[in-house]
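A short worksheet on the structure shown next.
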Amino acid sequence: MGDGAARPRSCPGTFARAWAKAVSGTSYLPMTQAQLEALLQRLTERLAVAIQAEPFDLRIGQQVGAELVEAHIASAEGLGRTIEVIQLRLVRDLGLVADDVEDRMARLLATVATGYARALRDRTLDEQEAIRRAAMMARAHAERALRDSEARFRHQATHDPLTDLPNRTLFTERLSAALDEPGRGADRVGVCFLDLDRFKVVNDSLGHQVGDGLLVSVAQRLRRALGEHLVARLGGDEFVILVERTGCTDDAVKVAEAALAAVSEPALVDGHELTISASVGIVERQVAGTSPGELMRAANSTLHWAKAAGGARWVLFDADRNRRELARYALAAAIPTALDRGEFFLDYQPLTSLRDGRVLGMEALVRWRHPQLGVLRPDSFIGLAEETGLIVRLGGWVLAEACREAASWSTGHDDPPFVSVNLAVRQLHRPGLVQEVQGVLRRTGLPARRLQLEITESTMMSTVEEPVRALRVLADLGVRIAIDDFGTGYCNLAYLRELPVAELKVAGEFVTGLRAPATDPGSRTDERILASLVSLAHALDLTVTAEGVETADQADRLRAIGCDAGQGWHFGRPAPADRFLARLD
Amino acid sequence: MQRPDWAPDTIDIERPSVARMYDYYLGGSHNFAADRTAARAMMDAVPEAPLMAQANRAFLRRAVQFLADAGVRQFLDIGSGIPTVGNVHEIAQRIDPESRVVYVDVDPVAVAHSHEILSGNDRATAIQEDLRRPEAILHHPEVTRLLDFSQPVAVMVVAVLHFIPYADKPEEILRTLRKSLAPGSYLVLSQASDDGRGETGERAEAERVYRRTDNQLWIRSRAELTALFDGFELVDPGVVWVPQWRPESPDQAENAEQSVFMGGVGRLGG
């Protein structure tokens with residue numbers, strides 16, 4: 001027996017060491033040199049058995065080949081070197097003796113190579129399968145991650161980051177879907193616009209962090225109270241609720257009431273207990289014939305009605321009211337063009353002396369000869385003009401036109417009446433008012449003393465310096481300054497001390513009381529107020545004109561009180577200037 | 001889960017992956033045609049490439065054995081690649097079944113394959129992250145779940161640093177990792193080096209081959225590698241050609257410079 005067989009099994013012999021050296025570096029072997037040699041010693045002993053076994057056992061060589069691969073001696077080079085070293089050294093190193101050793105060696109090598117190749121092929125296929133499976137899993141993972149990030153992106157694009165409620169985009173999508181879905185034309189749908197009342201006060205007084213906290217709290221409460229309905233935040237403190245498949249308007253109203261109740265629950269935000277109310281505009285109608293934009297607009301307008309009515313309430317959309325407002329809006333939009341086209345003209349109403357019936361002055365009253373609507377009185381468009389700021393242009397036109405016409409009144413009259421023109425707040429606050437008035441007087445040739453500017457008491461409420469200075473300059477020029485509607489505003493008499501006022505025009509409300517018999521207690525109260533106003537005005541060297549004088553009896557009583565002049569139907573309804581100029585003759 | 005911004009949108013197996021090329025050098029079949037084509041091109045330019053990979057893998061095995069013998073029971077293997085034979089967890093858990101291992105790789109296929117291999121092993125896992133984001137690695141929930149940074153951890157950065165350009169500041173990456181480690185922790189580092197070789201056609205060709213993958217090759221000198229151990233005490237024999245690092249027999253260290261990889265192990269004192 002050779003030295004291999006004589007040694008203990010665990011101790012590698014010459015052949016095993018030579019084998020180990022031969023296969024080193026053919027592939028990565030995850031073991032130490034000693035471990036490798038021990039392994040190969042074990043396999044060497046199997047080979048020794050195989051080459052001598054009678055009959056020859058194919059399985060031993062095949063198992064050795066497979067075990068090599070299993071031990072990661074798994075490469076073409078590993079097999080080549082193994083065959084080489086077995087062929088060259090096995091018999092010699094182990095001192096083996098067999099009858100037909102060459103035949104047996106050939107068969108042994110064949111079985112080792114077969115077992116090795118078979119195992120290597122299986123291993124290769126297994127590894128290929130594993131890496132393909134890994135690639136598939138990685139791809140599925142990457143696609144899922146991409147889908148998740150798309151879903152997250154979609155969520156971000158359709159939700160409000162503060163409250164996580166759906167945003168306008170998602171709401172509009174859902175509303176469009178509710179309206180456009182086939183077969184839903186006969187359904188009804190409701191939209192509630194909700195806005196917190198005086199939310200700005202929370203932001204301004206407690207800071208935006210508390211404001212945001214309140215919005216989050218309101219959002220949570222709305223979501224909880226209206227679970228089945230879509231609640232979205234449009235921005236700021238504006239929310240909107242979609243009420244699908246309503247049976248009647250009352251269904252939408254119930255939702256609005258639930259929303260108002262949810263909002264009004266007290267909220268604890270950052271240690272502040274906050275109670276807030278809201279306003280809701282409701283529109284509810286049949287799906288057929290409406291559009292998302294129209295519904296949103298209608299709900300929004302209705303919300304403004306609720307706000308204007310004082311808040312803490314819901315208001316239902318009213319088609320007639322909406323039409324009127326749209327008409328008003330259209331009218332306001334037409335003012336600039338109407339000015340360009342000369343559609344405005346002036347009527348006048350005389351301010352008549354109660355002493356001798358002489359026409360002292362005439363108040364210019366603007367009229368609009370609207371191409372479709374006919375002649376419009378100021379109450380149908382002045383408010384609009386003031387809201388939109390168009391009053392500055394319109395007022396400027398009135399001033400210029402009134403002065404132009406008044407300049408002509410002196411023809412043939414020794415003491416022609418002054419012209420009285422209303423001045424809006426915005427006109428008074430505009431820098432350059434003095435220059436504008438001066439320019440008009442210069443262009444028209446009207447003496448300053450024949451121009452009276454009427455301002456309301458509320459105009460003087462603000463104690464801004466600039467308008468006061470402008471009025472003083474105008475008064476110094478000789479322009480008369482009159483306080484219009486005296487006694488109806490917040491009567492702060494302090495301004496009478498500050499301002500160069502020439503005249504008070506007492507509001508018609510007081511004069512109305514004089515129509516009742518003098519024995520009526522209410523009538524006597526009004527008469528006493530008037531008498532006090534007159535004596536106050538006279539004490540300040542102001543003249544007093546009573547507005548709204550409709551009867552001769554009123555005129556008599558005013559005269560008895562000492563009132564200087566009167567204005568009203570009793571003295572003449574508004575008309576072109578010519579009609580009153582004729583009286584001067 | 002969130003897709004990291006550096007991760008690819010899709011898995012493209014038509015593009016060679018350094019992890020699968022490395023597997024091919026080691027004699028594995030966890031690779032695709034594109035990987036084999038690139039690996040063969042590399043072997044045409046640098047015929048020793050498989051030997052280099054094997055030598056580096058053997059260094060990893062000896063280093064893990066050394067660390068386990070030194071009592072380390074936690075391993076963070078960054079740039080672990082395709083888990084072929086002789087994984088860190090196999091070595092470490094053979095010594096102590098309680099040893100914990102987290103593999104980190106940027107290659108999603110390598111990570112998916114690791115998950116498959118590690119299924120059922122609740123003390124080892126793999127995450128997809130980038131060595132260039134050390135904070136993300138350290139704060140990854142799987143990392144914090146398995147590894148206790150109040151105890152020694154061995155951080156393995158083996159055969160991956162040569163894919164990190166100077167612009168990505170490898171020294172800062174390693175500093176960040178070091179700062180999270182407790183005394184008694186270790187850093188294992190190896191990467192392609194040209195010390196003793198200088199500029200050769202082979203090096204240029206190797207760099208050219210790797211430009212076709214997602215990773216360019218950045219060769220560093222022994223001095224540069226030694227400097228990267230800043231804060232650690234180098235274990236004997238310091239930064240050497242990987243076959244020279246504690247070989248099992250003297251003949252294993254012959255012609256060591258042909259291995260191209262240099263490496264070392266540093267210990268965090270204190």
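Every chain in the structure tokens takes a letter, A first, then B, and so on in the order presented; its residues are numbered from 1, and the ligands are numbered from 1 following the presented order.
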Exercise. Looking only at the backbone, which of the residues in stretch 32-262 of chain B does DSSP tag as helix (DSSP H, G or I), as a PyMOL selection string?
Worked result: chain B and resi 33-45+49-69+88-95+108-118+134-138+141-146+161-163+166-168+170-179+201-211+222-227+242-244+250-253+256-259
Would you kindly return, as a short mmCIF file (atom, residue, chain, number, x, y, z; two decimals) with N, CA and C atoms, in the first residue's frame, each protein, DNA or RNA residue with an atom no farther than 8 Å from any atom of A:Cys403, considering only C-alpha atoms and excluding same-chain residues fewer than 3 positions away?
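around_22.cif written:
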data_model
loop_
_atom_site.label_atom_id
_atom_site.label_comp_id
_atom_site.auth_asym_id
_atom_site.auth_seq_id
_atom_site.Cartn_x
_atom_site.Cartn_y
_atom_site.Cartn_z
N LEU A 399 -68.54 116.88 -13.32
CA LEU A 399 -68.01 118.18 -12.87
C LEU A 399 -67.78 119.11 -14.06
N ALA A 400 -67.09 118.57 -15.08
CA ALA A 400 -66.74 119.39 -16.23
C ALA A 400 -67.99 119.84 -16.97
N ALA A 406 -73.22 125.55 -16.58
CA ALA A 406 -73.50 126.65 -15.64
C ALA A 406 -72.89 127.96 -16.12
N ALA A 407 -71.76 127.85 -16.84
CA ALA A 407 -71.11 129.06 -17.32
C ALA A 407 -72.03 129.82 -18.28
N VAL A 419 -73.94 126.20 -9.43
CA VAL A 419 -74.21 124.80 -9.76
C VAL A 419 -73.62 123.94 -8.64
N VAL A 440 -60.99 122.95 -14.73
CA VAL A 440 -62.36 123.01 -15.27
C VAL A 440 -62.87 124.46 -15.22
N LEU A 441 -62.63 125.12 -14.08
CA LEU A 441 -63.11 126.50 -13.94
C LEU A 441 -62.46 127.40 -14.99
N THR A 444 -63.90 126.55 -18.48
CA THR A 444 -65.30 126.91 -18.72
C THR A 444 -65.57 128.39 -18.44
N LEU A 446 -66.25 129.52 -15.56
CA LEU A 446 -67.20 129.65 -14.45
C LEU A 446 -66.47 130.20 -13.24
N LEU A 451 -69.60 127.62 -8.07
CA LEU A 451 -69.51 126.14 -8.00
C LEU A 451 -69.65 125.71 -6.54
#
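Considering only C-alpha atoms, the residue among B:Thr37, B:Asn56, B:Gln216, B:Gln65 positioned nearest to B:Pro243 is B:Asn56.
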Exercise. What lies within 12 Å of stretch 136-138 of chain B using only C-alpha atoms, ignoring chain neighbours under 4 positions off, as a ChimeraX atom specification?
Worked result: /B:4,76-79,102-106,126-132,142-149,153,155,173-174,176-181
For this session: Could you please tell me, as a ChimeraX atom specification, which residues of chain A have an atom within 10 Å of chain B when using only C-alpha atoms?
Result: /A:24-34,71-76,123-149,152
For those residues, write C-alpha atoms to a file as a PDB file, in the first residue's frame.
ATOM      1  CA  SER A  24      -5.963  26.257  -6.891  1.00  0.00           C
ATOM      2  CA  GLY A  25      -6.860  29.344  -8.830  1.00  0.00           C
ATOM      3  CA  THR A  26      -9.150  27.585 -11.300  1.00  0.00           C
ATOM      4  CA  SER A  27     -12.109  29.233  -9.592  1.00  0.00           C
ATOM      5  CA  TYR A  28     -12.768  30.958  -6.291  1.00  0.00           C
ATOM      6  CA  LEU A  29     -12.598  28.395  -3.503  1.00  0.00           C
ATOM      7  CA  PRO A  30     -14.311  29.532  -0.336  1.00  0.00           C
ATOM      8  CA  MET A  31     -12.041  27.582   1.969  1.00  0.00           C
ATOM      9  CA  THR A  32      -8.579  27.502   3.373  1.00  0.00           C
ATOM     10  CA  GLN A  33      -5.789  25.454   1.804  1.00  0.00           C
ATOM     11  CA  ALA A  34      -6.032  22.978   4.696  1.00  0.00           C
ATOM     12  CA  ALA A  71     -17.326  22.215  -3.158  1.00  0.00           C
ATOM     13  CA  HIS A  72     -17.079  25.036  -5.730  1.00  0.00           C
ATOM     14  CA  ILE A  73     -14.145  23.495  -7.582  1.00  0.00           C
ATOM     15  CA  ALA A  74     -16.388  24.240 -10.472  1.00  0.00           C
ATOM     16  CA  SER A  75     -14.727  25.339 -13.673  1.00  0.00           C
ATOM     17  CA  ALA A  76     -13.546  23.857 -16.945  1.00  0.00           C
ATOM     18  CA  ARG A 123     -25.290  24.301 -11.219  1.00  0.00           C
ATOM     19  CA  THR A 124     -25.034  26.644 -14.198  1.00  0.00           C
ATOM     20  CA  LEU A 125     -28.711  26.223 -14.992  1.00  0.00           C
ATOM     21  CA  ASP A 126     -29.679  26.757 -11.359  1.00  0.00           C
ATOM     22  CA  GLU A 127     -27.612  29.919 -11.150  1.00  0.00           C
ATOM     23  CA  GLN A 128     -29.024  31.244 -14.418  1.00  0.00           C
ATOM     24  CA  GLU A 129     -32.508  30.590 -13.134  1.00  0.00           C
ATOM     25  CA  ALA A 130     -31.702  32.312  -9.847  1.00  0.00           C
ATOM     26  CA  ILE A 131     -30.247  35.425 -11.454  1.00  0.00           C
ATOM     27  CA  ARG A 132     -33.149  35.699 -13.914  1.00  0.00           C
ATOM     28  CA  ARG A 133     -35.595  35.361 -11.064  1.00  0.00           C
ATOM     29  CA  ALA A 134     -33.663  38.051  -9.184  1.00  0.00           C
ATOM     30  CA  ALA A 135     -33.781  40.322 -12.222  1.00  0.00           C
ATOM     31  CA  MET A 136     -37.518  39.784 -12.510  1.00  0.00           C
ATOM     32  CA  MET A 137     -38.030  40.511  -8.837  1.00  0.00           C
ATOM     33  CA  ALA A 138     -35.884  43.606  -9.066  1.00  0.00           C
ATOM     34  CA  ARG A 139     -37.828  44.765 -12.098  1.00  0.00           C
ATOM     35  CA  ALA A 140     -41.165  44.158 -10.372  1.00  0.00           C
ATOM     36  CA  HIS A 141     -39.857  46.029  -7.366  1.00  0.00           C
ATOM     37  CA  ALA A 142     -38.631  48.948  -9.447  1.00  0.00           C
ATOM     38  CA  GLU A 143     -41.947  49.125 -11.294  1.00  0.00           C
ATOM     39  CA  ARG A 144     -43.888  48.996  -8.059  1.00  0.00           C
ATOM     40  CA  ALA A 145     -41.710  51.761  -6.657  1.00  0.00           C
ATOM     41  CA  LEU A 146     -42.326  53.782  -9.802  1.00  0.00           C
ATOM     42  CA  ARG A 147     -46.076  53.198  -9.561  1.00  0.00           C
ATOM     43  CA  ASP A 148     -45.994  54.166  -5.901  1.00  0.00           C
ATOM     44  CA  SER A 149     -44.110  57.333  -6.678  1.00  0.00           C
ATOM     45  CA  ARG A 152     -47.784  59.726  -4.571  1.00  0.00           C
TER      46      ARG A 152
END
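When the distance limit is 10 Å and only C-alpha atoms are what count, the residues near A:Leu43, minus those fewer than 6 positions from it on the same chain, are Ala16, Glu37, Val49, Ile60, Gly61, Gln63, Val64, Gly65, Glu67 and Leu68 of chain A.
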Problem set entry | Counting only C-alpha atoms, the option among B:Val64, B:Ala159, B:Ala70, B:Leu189 closest to B:Glu224 |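 Ranked by minimum distance to B:Glu224, first place goes to B:Leu189.
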Residues within 6 Å of stretch 316-323 of chain A, please, as a compact mmCIF listing (two decimals) with C-alpha atoms, in the first residue's frame. Count only C-alpha atoms; anything in the same chain fewer than 5 positions from it doesn't count.
# COMPACT_ATOMS: atom_id res chain seq x y z
CA ILE A 282 -75.73 76.25 -2.10
CA VAL A 283 -76.62 75.46 -5.66
CA THR A 302 -74.34 82.50 -3.55
Problem set entry | Exercise: B:Gly231 partners within 9 Å, only C-alpha atoms, chain neighbours under 4 positions left out, as a list in words | Arg175, Arg178, Gly266, Arg267, Leu268 and Gly269 of chain B
Could you turn the residues from that selection into a file that holds C-alpha atoms, as a PDB file, in the first residue's frame?
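Saved file selection.pdb follows:
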ATOM      1  CA  ARG B 175     -15.400  59.545   8.015  1.00  0.00           C
ATOM      2  CA  ARG B 178     -16.427  55.900  11.213  1.00  0.00           C
ATOM      3  CA  GLY B 266      -8.168  48.988  10.492  1.00  0.00           C
ATOM      4  CA  ARG B 267      -9.387  48.944  14.084  1.00  0.00           C
ATOM      5  CA  LEU B 268     -11.109  51.811  15.812  1.00  0.00           C
ATOM      6  CA  GLY B 269      -9.360  52.332  19.125  1.00  0.00           C
TER       7      GLY B 269
END
Exercise. So what do you get for atom CA of A:Cys11 versus atom CA of A:Leu79, distance-wise?
Worked result: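 Taking atom CA of A:Cys11 as the start and atom CA of A:Leu79 as the end point, the length is 23.4 Å.
You can rank A:Leu215, A:Leu514, A:Leu558, A:Val85 by their closest distance to A:Val202 using only C-alpha atoms, and at the top of that list sits A:Leu215.
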Exercise. Near stretch 502-506 of chain A, within 6 Å and counting only C-alpha atoms, which residues show up once chain neighbours fewer than 5 positions away are dropped, as number ranges by chain?
Worked result: A: 480-486, 542-547
Limited to N, CA and C atoms, could you put the picked residues into a file as an mmCIF file, in the first residue's frame?
data_model
loop_
_atom_site.group_PDB
_atom_site.id
_atom_site.type_symbol
_atom_site.label_atom_id
_atom_site.label_comp_id
_atom_site.auth_asym_id
_atom_site.auth_seq_id
_atom_site.Cartn_x
_atom_site.Cartn_y
_atom_site.Cartn_z
ATOM 1 N N ARG A 480 -67.856 126.849 -3.028
ATOM 2 C CA ARG A 480 -68.693 126.557 -1.864
ATOM 3 C C ARG A 480 -68.594 125.066 -1.530
ATOM 4 N N ILE A 481 -68.443 124.759 -0.255
ATOM 5 C CA ILE A 481 -68.423 123.354 0.166
ATOM 6 C C ILE A 481 -69.696 123.102 0.960
ATOM 7 N N ALA A 482 -70.470 122.091 0.510
ATOM 8 C CA ALA A 482 -71.719 121.770 1.207
ATOM 9 C C ALA A 482 -71.651 120.347 1.755
ATOM 10 N N ILE A 483 -72.252 120.158 2.946
ATOM 11 C CA ILE A 483 -72.355 118.808 3.491
ATOM 12 C C ILE A 483 -73.724 118.266 3.101
ATOM 13 N N ASP A 484 -73.679 117.170 2.327
ATOM 14 C CA ASP A 484 -74.905 116.566 1.801
ATOM 15 C C ASP A 484 -75.467 115.586 2.833
ATOM 16 N N ASP A 485 -76.787 115.390 2.802
ATOM 17 C CA ASP A 485 -77.438 114.403 3.670
ATOM 18 C C ASP A 485 -77.064 114.609 5.128
ATOM 19 N N PHE A 486 -76.959 115.858 5.548
ATOM 20 C CA PHE A 486 -76.531 116.151 6.913
ATOM 21 C C PHE A 486 -77.514 115.540 7.901
ATOM 22 N N LEU A 542 -73.353 129.244 8.596
ATOM 23 C CA LEU A 542 -73.626 128.361 7.467
ATOM 24 C C LEU A 542 -75.060 128.561 7.030
ATOM 25 N N THR A 543 -75.290 128.371 5.745
ATOM 26 C CA THR A 543 -76.667 128.377 5.290
ATOM 27 C C THR A 543 -77.200 126.956 5.361
ATOM 28 N N VAL A 544 -78.544 126.815 5.407
ATOM 29 C CA VAL A 544 -79.159 125.491 5.503
ATOM 30 C C VAL A 544 -80.154 125.305 4.366
ATOM 31 N N THR A 545 -79.988 124.195 3.647
ATOM 32 C CA THR A 545 -80.957 123.834 2.615
ATOM 33 C C THR A 545 -81.624 122.544 3.049
ATOM 34 N N ALA A 546 -82.963 122.523 3.007
ATOM 35 C CA ALA A 546 -83.692 121.311 3.368
ATOM 36 C C ALA A 546 -83.992 120.534 2.095
ATOM 37 N N GLU A 547 -83.680 119.239 2.173
ATOM 38 C CA GLU A 547 -83.929 118.395 1.003
ATOM 39 C C GLU A 547 -85.281 117.722 1.151
#
Please run DSSP on the backbone and report, as a JSON list (two decimals) with N, CA and C atoms, in the first residue's frame, all residues within stretch 48-212 of chain B that come out as strand (DSSP E or B).
[["chain", "number", "residue", "atom", "x", "y", "z"],
["B", 74, "GLN", "N", -20.93, 41.69, 14.27],
["B", 74, "GLN", "CA", -21.81, 42.49, 13.41],
["B", 74, "GLN", "C", -21.02, 42.96, 12.19],
["B", 75, "PHE", "N", -21.64, 42.80, 11.02],
["B", 75, "PHE", "CA", -20.96, 43.13, 9.78],
["B", 75, "PHE", "C", -21.86, 43.96, 8.87],
["B", 76, "LEU", "N", -21.27, 45.01, 8.33],
["B", 76, "LEU", "CA", -21.99, 45.83, 7.35],
["B", 76, "LEU", "C", -21.16, 45.79, 6.07],
["B", 77, "ASP", "N", -21.62, 45.01, 5.09],
["B", 77, "ASP", "CA", -20.85, 44.77, 3.87],
["B", 77, "ASP", "C", -21.40, 45.66, 2.76],
["B", 78, "ILE", "N", -20.67, 46.74, 2.45],
["B", 78, "ILE", "CA", -21.17, 47.71, 1.47],
["B", 78, "ILE", "C", -20.53, 47.45, 0.12],
["B", 100, "ARG", "N", -24.61, 39.01, 13.02],
["B", 100, "ARG", "CA", -25.58, 39.75, 12.20],
["B", 100, "ARG", "C", -24.87, 40.40, 11.03],
["B", 101, "VAL", "N", -25.53, 40.33, 9.87],
["B", 101, "VAL", "CA", -24.89, 40.83, 8.65],
["B", 101, "VAL", "C", -25.92, 41.61, 7.84],
["B", 102, "VAL", "N", -25.53, 42.81, 7.41],
["B", 102, "VAL", "CA", -26.35, 43.55, 6.44],
["B", 102, "VAL", "C", -25.51, 43.79, 5.19],
["B", 103, "TYR", "N", -26.03, 43.33, 4.08],
["B", 103, "TYR", "CA", -25.39, 43.57, 2.78],
["B", 103, "TYR", "C", -26.00, 44.82, 2.16],
["B", 104, "VAL", "N", -25.15, 45.61, 1.53],
["B", 104, "VAL", "CA", -25.62, 46.83, 0.86],
["B", 104, "VAL", "C", -25.09, 46.82, -0.56],
["B", 105, "ASP", "N", -25.97, 47.00, -1.50],
["B", 105, "ASP", "CA", -25.50, 47.16, -2.88],
["B", 105, "ASP", "C", -26.42, 48.10, -3.63],
["B", 124, "ALA", "N", -29.60, 38.16, 8.87],
["B", 124, "ALA", "CA", -28.88, 38.75, 7.73],
["B", 124, "ALA", "C", -29.90, 39.27, 6.73],
["B", 125, "THR", "N", -29.58, 40.41, 6.13],
["B", 125, "THR", "CA", -30.47, 40.94, 5.09],
["B", 125, "THR", "C", -29.65, 41.78, 4.12],
["B", 126, "ALA", "N", -30.35, 42.27, 3.10],
["B", 126, "ALA", "CA", -29.68, 43.10, 2.09],
["B", 126, "ALA", "C", -30.55, 44.32, 1.82],
["B", 127, "ILE", "N", -29.91, 45.46, 1.61],
["B", 127, "ILE", "CA", -30.66, 46.67, 1.26],
["B", 127, "ILE", "C", -30.06, 47.28, 0.01],
["B", 128, "GLN", "N", -30.90, 48.02, -0.72],
["B", 128, "GLN", "CA", -30.40, 48.72, -1.90],
["B", 128, "GLN", "C", -30.04, 50.13, -1.50],
["B", 154, "ALA", "N", -18.10, 45.58, 12.03],
["B", 154, "ALA", "CA", -17.08, 45.59, 10.98],
["B", 154, "ALA", "C", -17.72, 46.13, 9.72],
["B", 155, "VAL", "N", -17.18, 47.26, 9.22],
["B", 155, "VAL", "CA", -17.67, 47.83, 7.97],
["B", 155, "VAL", "C", -16.76, 47.35, 6.85],
["B", 156, "MET", "N", -17.33, 46.66, 5.87],
["B", 156, "MET", "CA", -16.57, 46.12, 4.77],
["B", 156, "MET", "C", -16.81, 46.99, 3.54],
["B", 157, "VAL", "N", -15.73, 47.54, 3.00],
["B", 157, "VAL", "CA", -15.83, 48.30, 1.75],
["B", 157, "VAL", "C", -14.82, 47.65, 0.81],
["B", 158, "VAL", "N", -15.21, 46.47, 0.33],
["B", 158, "VAL", "CA", -14.27, 45.61, -0.38],
["B", 158, "VAL", "C", -14.57, 45.63, -1.88],
["B", 186, "TYR", "N", -14.27, 47.81, 13.21],
["B", 186, "TYR", "CA", -13.23, 47.63, 12.19],
["B", 186, "TYR", "C", -13.68, 48.18, 10.84],
["B", 187, "LEU", "N", -12.69, 48.55, 10.04],
["B", 187, "LEU", "CA", -12.94, 48.90, 8.65],
["B", 187, "LEU", "C", -12.09, 47.97, 7.78],
["B", 188, "VAL", "N", -12.74, 47.29, 6.84],
["B", 188, "VAL", "CA", -12.03, 46.45, 5.87],
["B", 188, "VAL", "C", -12.14, 47.14, 4.52],
["B", 189, "LEU", "N", -10.97, 47.38, 3.89],
["B", 189, "LEU", "CA", -10.95, 48.17, 2.67],
["B", 189, "LEU", "C", -10.10, 47.44, 1.64],
["B", 190, "SER", "N", -10.60, 47.35, 0.42],
["B", 190, "SER", "CA", -9.71, 46.92, -0.67],
["B", 190, "SER", "C", -10.20, 47.57, -1.95],
["B", 191, "GLN", "N", -9.25, 47.81, -2.85],
["B", 191, "GLN", "CA", -9.64, 48.38, -4.14],
["B", 191, "GLN", "C", -8.51, 48.21, -5.14],
["B", 192, "ALA", "N", -8.82, 48.40, -6.41],
["B", 192, "ALA", "CA", -7.82, 48.27, -7.46],
["B", 192, "ALA", "C", -6.74, 49.33, -7.25],
["B", 193, "SER", "N", -5.51, 48.92, -7.40],
["B", 193, "SER", "CA", -4.40, 49.83, -7.16],
["B", 193, "SER", "C", -3.33, 49.61, -8.23]]
Exercise. Separation of atom CA of A:Arg369 and atom CA of A:Val437, in Å?
Worked result: 25.8 Å
Problem set entry | Å distance separating atom CA of B:Ser185 from atom CA of B:Pro250, one decimal place |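 Distance reported for this atom pair: 28.3 Å.
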